[in-house]
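S.K.: For reference, the structure I am asking about is given below.
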There are 2 protein chains.
Amino acid sequence: MERLKSIIRDIPDFPKKGILFKDITTLLADAKSYQTMIDLLSHRYIDQRIDKVVGVEARGFIIGAALAYKLGAGVVLVRKPGKLPSETFRKTYDLEYGTDTLEIHTDAFKKGERILIADDLLATGGTVSAVVDMVTEMGGEIVDCCFMVELEFLNGRKRLPEGKVFSLIQF
Amino acid sequence: MERLKSIIRDIPDFPKKGILFKDITTLLADAKSYQTMIDLLSHRYIDQRIDKVVGVEARGFIIGAALAYKLGAGVVLVRKPGKLPSETFRKTYDLEYGTDTLEIHTDAFKKGERILIADDLLATGGTVSAVVDMVTEMGGEIVDCCFMVELEFLNGRKRLPEGKVFSLIQF
């Protein structure tokens with residue numbers, strides 16, 4: 001895991017001054033690291049039934065799609081408003097400054113289906129917590145929320161269902 | 001292929017009146033269809049060396065990530081401006097109305113690496129044609145541009161390198 005961790009690049013002052021951004025694109029571009037990461041993440045769920053992997057726009061798609069392929073699950077997209085063409089369930093949630101809105105197709109999964117939520121990075125947990133609410137309100141059963149990277153000092157995990165959070169790399 | 005094709009849903013008047021949108025989310029959500037699609041796409045490249053799969057934001061990530069995983073290649077992201085944290089190569093290209101800009105990290109791949117470009121749908125080809133130019137100008141060798149779906153009546157294929165376009169499903 002230290003090898004994977006060492007490939008992630010620090011970008012100072014992105015997206016704004018004072019933030020040290022963890023750039024995972026260097027890990028994604030490294031074929032062996034990318035494959036190892038998907039194998040390690042999926043290993044945790046390989047003996048469980050996962051019906052759908054929910055990927056959060058846009059970097060969550062990169063993790064969610066490969067995980068779904070590996071686990072034999074369907075891919076469900078959570079997107080910014082106006083991107084999904086059919087009837088959607090919408091959720092507006094609070095950010096540090098202002099709000100954000102996410103959408104999911106109302107027929108994206110059936111009630112009772114077992115859902116794995118995937119994103120690249122767990123920071124404050126605001127976005128994924130909104131996704132958890134959406135999936136739950138729509139009748140999905142959350143198996144886990146999984147992440148490539150977790151910024152532990154931001155305590156995002158506390159906003160997510162207890163015991164249902166997994167990350168591969170921690171900072 | 002007819003079975004995969006039949007799962008794609010028609011949405012009239014999206015994103016604007018008069019357009020019949022091909023909604024692939026129904027295919028992505030169907031575990032068996034999604035897996036079959038990735039297997040069929042990757043089958044074409046399995047005996048070739050692919051160093052990087054370039055996914056085009058955002059739906060291209062869903063195809064590109066799973067293909068890269070299956071082919072043992074790295075994933076490279078082409079994104080809208082301001083999303084990539086490190087130094088980027090930018091390209092502005094013409095749309096039907098106005099222009100659009102895409103970015104790729106300047107160190108996303110090495111000169112001479114073999115690149116597969118992946119996107120969900122080939123329409124007029126404007127976006128992918130810009131991506132082809134970017135990859136070529138940066139010294140990458142284009143192996144192919146591959147798509148889940150091709151809207152043949154829009155002739156997008158003509159704007160892409162001859163003999164280097166592959167689609168699974170045609171409308």
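FYI, nothing fancy with the structure tokens labels: chains A, B, ... in order, residues from 1 per chain, ligands from 1 as they appear.
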Only residues of chain A matter here; which ones have an atom within 6 Å of chain B, counting only C-alpha atoms? Give them as JSON, numbers by chain.
M.R.: {"A": [28, 29, 30, 31, 35, 58, 61, 62, 65, 66, 69, 72, 73, 74, 75, 76]}
S.K.: Suppose we keep N, CA and C atoms; can you now write the selection as a PDB file, in the first residue's frame?
M.R.:
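So the final result, stored in again.pdb, reads:
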```pdb
ATOM      1  N   LEU A  28      -3.680   6.414 -11.510  1.00  0.00           N
ATOM      2  CA  LEU A  28      -4.542   5.857 -12.559  1.00  0.00           C
ATOM      3  C   LEU A  28      -3.744   5.532 -13.814  1.00  0.00           C
ATOM      4  N   ALA A  29      -2.778   6.385 -14.126  1.00  0.00           N
ATOM      5  CA  ALA A  29      -2.004   6.233 -15.366  1.00  0.00           C
ATOM      6  C   ALA A  29      -0.979   5.107 -15.279  1.00  0.00           C
ATOM      7  N   ASP A  30      -0.703   4.655 -14.083  1.00  0.00           N
ATOM      8  CA  ASP A  30       0.257   3.569 -13.907  1.00  0.00           C
ATOM      9  C   ASP A  30      -0.500   2.241 -13.934  1.00  0.00           C
ATOM     10  N   ALA A  31      -0.377   1.520 -15.048  1.00  0.00           N
ATOM     11  CA  ALA A  31      -1.215   0.343 -15.302  1.00  0.00           C
ATOM     12  C   ALA A  31      -1.215  -0.637 -14.130  1.00  0.00           C
ATOM     13  N   GLN A  35      -4.470  -1.483 -11.712  1.00  0.00           N
ATOM     14  CA  GLN A  35      -5.015  -2.839 -11.644  1.00  0.00           C
ATOM     15  C   GLN A  35      -4.977  -3.365 -10.197  1.00  0.00           C
ATOM     16  N   ALA A  58     -17.258  13.050 -11.293  1.00  0.00           N
ATOM     17  CA  ALA A  58     -16.886  12.303 -12.473  1.00  0.00           C
ATOM     18  C   ALA A  58     -15.810  11.268 -12.140  1.00  0.00           C
ATOM     19  N   PHE A  61     -16.651   7.604 -11.408  1.00  0.00           N
ATOM     20  CA  PHE A  61     -16.943   6.687 -12.517  1.00  0.00           C
ATOM     21  C   PHE A  61     -15.747   5.773 -12.804  1.00  0.00           C
ATOM     22  N   ILE A  62     -14.540   6.322 -12.632  1.00  0.00           N
ATOM     23  CA  ILE A  62     -13.323   5.576 -12.973  1.00  0.00           C
ATOM     24  C   ILE A  62     -13.137   4.396 -12.021  1.00  0.00           C
ATOM     25  N   ALA A  65     -16.750   2.015 -12.352  1.00  0.00           N
ATOM     26  CA  ALA A  65     -16.921   1.217 -13.563  1.00  0.00           C
ATOM     27  C   ALA A  65     -16.056  -0.038 -13.524  1.00  0.00           C
ATOM     28  N   ALA A  66     -14.797   0.120 -13.171  1.00  0.00           N
ATOM     29  CA  ALA A  66     -13.903  -1.042 -13.145  1.00  0.00           C
ATOM     30  C   ALA A  66     -14.319  -2.016 -12.031  1.00  0.00           C
ATOM     31  N   TYR A  69     -17.360  -3.939 -13.233  1.00  0.00           N
ATOM     32  CA  TYR A  69     -16.949  -4.956 -14.211  1.00  0.00           C
ATOM     33  C   TYR A  69     -16.391  -6.175 -13.489  1.00  0.00           C
ATOM     34  N   GLY A  72     -19.058  -8.088 -11.491  1.00  0.00           N
ATOM     35  CA  GLY A  72     -20.246  -8.550 -12.208  1.00  0.00           C
ATOM     36  C   GLY A  72     -21.503  -7.817 -11.782  1.00  0.00           C
ATOM     37  N   ALA A  73     -21.346  -6.530 -11.503  1.00  0.00           N
ATOM     38  CA  ALA A  73     -22.491  -5.705 -11.098  1.00  0.00           C
ATOM     39  C   ALA A  73     -22.811  -4.692 -12.195  1.00  0.00           C
ATOM     40  N   GLY A  74     -23.967  -4.064 -12.109  1.00  0.00           N
ATOM     41  CA  GLY A  74     -24.303  -2.973 -13.013  1.00  0.00           C
ATOM     42  C   GLY A  74     -23.698  -1.673 -12.509  1.00  0.00           C
ATOM     43  N   VAL A  75     -23.585  -0.693 -13.407  1.00  0.00           N
ATOM     44  CA  VAL A  75     -23.066   0.626 -13.043  1.00  0.00           C
ATOM     45  C   VAL A  75     -24.222   1.616 -12.983  1.00  0.00           C
ATOM     46  N   VAL A  76     -24.307   2.374 -11.909  1.00  0.00           N
ATOM     47  CA  VAL A  76     -25.320   3.422 -11.785  1.00  0.00           C
ATOM     48  C   VAL A  76     -24.617   4.759 -11.616  1.00  0.00           C
TER      49      VAL A  76
END
```
S.K.: Using DSSP assignments from the backbone, pull out every residue in stretch 100-148 of chain A that falls under helix (DSSP H, G or I) and give it to me as a PyMOL selection string.
M.R.: chain A and resi 126-137
S.K.: Restrict the selected residues to N, CA and C atoms and save them as a CSV table (one decimal), in the first residue's frame.
M.R.:
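Written file, out37.csv:
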```
chain,number,residue,atom,x,y,z
A,126,GLY,N,-19.4,15.1,2.5
A,126,GLY,CA,-20.7,15.8,2.2
A,126,GLY,C,-21.4,15.2,1.0
A,127,THR,N,-20.6,15.0,-0.1
A,127,THR,CA,-21.2,14.5,-1.3
A,127,THR,C,-21.7,13.0,-1.1
A,128,VAL,N,-20.8,12.2,-0.6
A,128,VAL,CA,-21.2,10.8,-0.5
A,128,VAL,C,-22.3,10.6,0.5
A,129,SER,N,-22.3,11.4,1.6
A,129,SER,CA,-23.4,11.3,2.5
A,129,SER,C,-24.7,11.6,1.8
A,130,ALA,N,-24.7,12.6,0.9
A,130,ALA,CA,-26.0,12.9,0.1
A,130,ALA,C,-26.3,11.7,-0.8
A,131,VAL,N,-25.3,11.0,-1.3
A,131,VAL,CA,-25.6,9.8,-2.2
A,131,VAL,C,-26.2,8.7,-1.3
A,132,VAL,N,-25.6,8.5,-0.1
A,132,VAL,CA,-26.2,7.5,0.8
A,132,VAL,C,-27.6,7.8,1.1
A,133,ASP,N,-28.0,9.0,1.3
A,133,ASP,CA,-29.4,9.4,1.6
A,133,ASP,C,-30.3,9.1,0.4
A,134,MET,N,-29.8,9.4,-0.8
A,134,MET,CA,-30.6,9.2,-2.0
A,134,MET,C,-30.8,7.7,-2.2
A,135,VAL,N,-29.8,6.9,-2.1
A,135,VAL,CA,-29.9,5.5,-2.4
A,135,VAL,C,-30.9,4.9,-1.3
A,136,THR,N,-30.7,5.3,-0.1
A,136,THR,CA,-31.6,4.8,1.0
A,136,THR,C,-33.0,5.2,0.8
A,137,GLU,N,-33.2,6.4,0.5
A,137,GLU,CA,-34.6,6.9,0.2
A,137,GLU,C,-35.3,6.2,-0.9
```
S.K.: Write out as a ChimeraX atom specification the residues lying within 6 Å of B:Asp144, counting only C-alpha atoms and excluding same-chain residues fewer than 5 positions away.
M.R.: /B:116,164-165
S.K.: Please dump the current selection as a PDB file, in the first residue's frame; keep C-alpha atoms.
M.R.:
```pdb
ATOM      1  CA  LEU B 116      -6.591   3.680 -27.138  1.00  0.00           C
ATOM      2  CA  LYS B 164      -8.901   3.383 -36.528  1.00  0.00           C
ATOM      3  CA  VAL B 165     -12.516   3.601 -35.434  1.00  0.00           C
TER       4      VAL B 165
END
```
S.K.: So the first atom is atom CA of A:Leu95 and the second is atom CA of B:Glu103; what is the distance between them in Å, to one decimal place?
M.R.: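 We find that atom CA of A:Leu95 and atom CA of B:Glu103 lie 26.5 Å from each other.
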S.K.: Go through stretch 31-165 of chain A and collect every residue that DSSP, computed from the backbone, puts in strand (DSSP E); the answer should be as a PyMOL selection string.
M.R.: chain A and resi 52-56+74-78+88-94+99-105+114-122+141-150+165
S.K.: When distances are computed from only C-alpha atoms, which of B:His43, B:Lys158, B:Arg3, B:Arg49 shows the smallest separation from B:Arg114?
M.R.: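 Of all the options, B:Arg49 lies closest to B:Arg114.
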S.K.: Calculated over only C-alpha atoms, which of the candidates A:Leu41, A:Ile8, A:Val143, A:Ile50 has the smallest distance to A:Leu168?
M.R.: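 Among the listed residues, the smallest separation from A:Leu168 belongs to A:Leu41.
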S.K.: Pick the closest to A:Asn155 from A:Pro81, A:Ile142, A:Gln170, A:Ala123: which is it, counting only C-alpha atoms?
M.R.: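 Checking each candidate against A:Asn155, we get A:Ala123 as the closest.
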S.K.: Looking at A:Ile169, A:Tyr45, A:Gly140, A:Glu96, which one is nearest to A:Ile7, with distances taken over only C-alpha atoms?
M.R.: A:Ile169
S.K.: Just give me the gap between atom CA of B:Ser42 and atom CA of B:Phe147 in Å, one decimal is fine.
M.R.: 11.1 Å
S.K.: I'd like to know which of A:Val56, A:Ile46, A:Leu20, A:Ile117 is closest to A:Phe166, using only C-alpha atoms.
M.R.: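 The answer is A:Ile117, which sits nearest to A:Phe166.
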